[in-house]
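Only one structure is covered here, and it is reproduced in the block below.
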Amino acid sequence: MAGFRLFDLNPEQQKAVLSTEGPLLILAGAGTGKTRVITARTAYLIAEKVAPSSILAVTFTNKAADEMRERLRSMTDPFDAKQVTMCTFHALCVRLLRADIDKLGYKKNFSIYDEGDQMGLIKKIIVRTAAQDEKLDPNLAKNLISKAKNNGWREPSPGEEKTLLAAVFSRYQAELKTLNAVDFDDLLLLAVDLLENHPEVREKWQERYRYLMVDEFQDTNKLQLRLVTLLADANKNVAVVGDDDQSIYGWRGAEVSNILEFETHFPNPAVVKLEQNYRSTNAILQTANRLIRNNPRRRVKNLWSQSEGGEKVQLLAMPDDRKEAEFVVDEIQRRQNTEGAKWDDFAVLFRMNAQSRLIEQHLRQFRIPYRLIGGKSFFDRREVKDVLAYASCMLNTDDDVSLLRIINTPARGMSPATVELAVEFSAKAKCSVWKALGEPAFRAQLAGRSRTAVERFCELVDGYETRLLQPLADQPAILRSLVEEVGYLEDLKRTCKTPEEGLSRETNVREMLKSFDEFGQRSNAGLRGFLDEMMLRQEREEDDSDKSKGTGVTLITLHAAKGLEFPYVYLLGLEEGVLPHDRSKMEGTIDEERRLLYVGITRAMRTLSITWCQSRMKYGSVSPCNISSFSDELDPEFVERKSLGQLESSEVSLESARSRFDAIRAMLARK
DNA sequence: CGGTCTATAATTTTT
DNA sequence: TTATAGACCG
């Protein structure tokens, strides 16, 4: 328990920490110590005798919540720290819903559907709803439905009820309810519904959480704002932290207006601007400041830093994307060699994932370790989803999506025809497939063999359901024996092409079972709680090309880079069409593209090199490019423009040649 | 059923 | 170029 010291903070930060009562808007520019302020403020509240359990800090990602909790633990009594609620919006909603969702006509053992589950259901509904000649892209439907829900709509808006999409939307919502399942959007939607329409529930939570903090407030959407408003309504102790200039998630529903018009939602707030930056050189900050001031509609901020000067930002013209990659990798190698930088001090930032490919190739060529952020999710793995589906079925038998996933995996004689019959029956009876399976009227339709299969499956589920729900049940052991009994692992290995694949999938399953053990140690929320956490922790894993050691040069999109910092940053593709992206012009979201560039620039601590290409491979063919219009908004006083030709004829090339030589030598030595 | 072929489209991504 | 989805065939 190190305690926290007010005098370690700058005056603005102190003001933010000390404003404990009433609405508070903390405009925290990039690198101004935002997390530090939130945690210090929490610690201060506790020191001022606010009950830790009445403090709620909401974030967007689990990573942010974890980080904050970790920091708080170092600032205050760990026992107190543990009582503070620090979680994501979605986790908070799960908490509210598990307590009172029955008031909305769902059962408390509801399942949470991730995007994959959601897709499955939507596809099924489209097939069932669409006429012969009608087509609807399930992915598009999913996105539109999600958008609608995040606007707070629970059914198609009036005037378009007749479209196929609207029909799918209504049926989707109805079906979810029958299945006693909610998707990620529902978590917010239903939690808001609950608080809005059930005063006693609202009051309960208002009383519980008397001090609210919201991180990354610029990323909140309509529902999230409503949720915050509802919770804060009684006490008005709501502190939000954010930076409108870093609002880059408008495309998925974030409303910058939430932070821009904070005063209309929470009148007379204290407002604190954090502008002292502890991350970057002034050259970098001035470049960022100069760029972002071209945005209309923003809270004016000017980042500054005590560290004077620093190298100029480089804006480099490259003949093509190949040369761009070559140059960047060369530079990284040179700096690593001559400046004693570590590989993880470098980051390469880009607008689109496709841009990472060439960089990857070049890094590999020189055996430079790297990590590419934004791989496939752990949950895209069939075997993980399968086991979770088993678990989910046992806790909520009405969960059709999970049930259908495992009903014949491994094969147990539930033929597609039988399953189809059950699905049809359930659709007619407006019940879940599980209920259909239990109906004598349904079983009567089946031939002897299928009937036996159905009976045996029902016994299996029934048996495990009972065992799992027994008080004091050793749930991890029961789940293990379920996996064992159905012969899942054998079947898994059988269906893998290579033994390696089989082994890796098996490992995934075992790892998951193990993490359930661990979950049991630290929580008493049981299998339900474990499933919730698994569903709400779908962070993508980085695809570790360099196994064992988790570090190296970071390759990352501008979006994913928000919140991170690196000593040396390379920002690729400052081209019209890439940044700003072509699509954004049609959509009229140039401002957001500018913010994206702003986010990129402000990731850099020591040096920043921005490149653009005169031509680039696009979809397999070479196409000419123009420098981005944003380049005109970069301050010439702090930005140096060069072309690759100019660089090669200067001393840099000497060094680069030497470093390349060094690298080759190192490579040989390693072999 | 499963594998292969062809058409098509092509930001950003967490929960 | 490359990923993916759907069609088609063995």
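The chains in the structure tokens are called A, B, ... from first to last as shown; in each chain the residues are counted from 1, and the ligands are counted from 1 in the order shown.
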At most 10 Å is the cut-off: for each residue in chain B with any atom that close to an atom of chain A, write down the nearest atom pair and the distance in Å rounded to one decimal, counting only C-alpha atoms (C1' of nucleotides), chain first then increasing number, as a tab-separated table.
```
residue	atom	partner	partner_atom	distance
B:DA10	C1'	A:Tyr619	CA	7.8
B:DT11	C1'	A:Met352	CA	6.1
B:DT12	C1'	A:His559	CA	6.2
B:DT13	C1'	A:Ala560	CA	8.2
B:DT14	C1'	A:Thr61	CA	6.6
B:DT15	C1'	A:Leu536	CA	5.8
```
key: Sel. of helix (DSSP H, G or I) residues, range 56-235 of chain A, as an NGL selection string   = :A and (62-75 or 78-83 or 89-104 or 115-129 or 138-150 or 164-178 or 184-197 or 199-208 or 217-219 or 222-232)
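Residues surrounding range 412-417 of chain A within 9 Å are Ile407, Asn408, Leu421, Ala422, Arg449, Ser450, Arg451, Thr452, Ala453, Val454, Arg456, Phe457 and Val486 of chain A [only C-alpha atoms (C1' of nucleotides); sequence separation below 4 positions excluded].
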I need the chosen residues saved as a short mmCIF file (atom, residue, chain, number, x, y, z; two decimals), in the first residue's frame, with C-alpha atoms.
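Listed below is the output, again-v4.cif:
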```
data_model
loop_
_atom_site.label_atom_id
_atom_site.label_comp_id
_atom_site.auth_asym_id
_atom_site.auth_seq_id
_atom_site.Cartn_x
_atom_site.Cartn_y
_atom_site.Cartn_z
CA ILE A 407 -26.72 -31.52 -30.47
CA ASN A 408 -24.81 -33.81 -32.78
CA LEU A 421 -37.99 -31.63 -37.42
CA ALA A 422 -37.30 -30.38 -33.93
CA ARG A 449 -33.78 -45.01 -33.76
CA SER A 450 -34.04 -41.25 -33.87
CA ARG A 451 -36.32 -41.36 -30.90
CA THR A 452 -33.75 -43.25 -28.89
CA ALA A 453 -31.12 -40.68 -29.87
CA VAL A 454 -33.36 -37.85 -28.74
CA ARG A 456 -30.54 -40.23 -24.76
CA PHE A 457 -29.58 -36.67 -25.55
CA VAL A 486 -19.41 -37.32 -24.76
#
```
Any chance you could tabulate, as JSON lines, the residues of chain B at most 12 Å from chain C with each one's nearest atom pair and distance in Å to one decimal, using only C-alpha atoms (C1' of nucleotides), in chain and rising number order?
```
{"residue": "B:DC1", "atom": "C1'", "partner": "C:DG10", "partner_atom": "C1'", "distance": 10.6}
{"residue": "B:DG2", "atom": "C1'", "partner": "C:DG10", "partner_atom": "C1'", "distance": 9.7}
{"residue": "B:DG3", "atom": "C1'", "partner": "C:DG10", "partner_atom": "C1'", "distance": 9.0}
{"residue": "B:DT4", "atom": "C1'", "partner": "C:DC9", "partner_atom": "C1'", "distance": 8.5}
{"residue": "B:DC5", "atom": "C1'", "partner": "C:DC8", "partner_atom": "C1'", "distance": 7.9}
{"residue": "B:DT6", "atom": "C1'", "partner": "C:DA7", "partner_atom": "C1'", "distance": 8.3}
{"residue": "B:DA7", "atom": "C1'", "partner": "C:DG6", "partner_atom": "C1'", "distance": 8.9}
{"residue": "B:DT8", "atom": "C1'", "partner": "C:DA5", "partner_atom": "C1'", "distance": 8.9}
{"residue": "B:DA9", "atom": "C1'", "partner": "C:DT4", "partner_atom": "C1'", "distance": 9.4}
{"residue": "B:DA10", "atom": "C1'", "partner": "C:DA3", "partner_atom": "C1'", "distance": 9.4}
```
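Residues of chain A lying within 12 Å of chain C, counting only C-alpha atoms (C1' of nucleotides), are Asp137, Pro138, Asn139, Ala354, Arg357, Met617, Lys618, Tyr619, Gly620, Ser621 and Val622 of chain A.
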request  = Work out how far apart CA of Leu96 in chain A and CA of Val201 in chain A are and give it in Å to one decimal.
outcome  = 8.8 Å
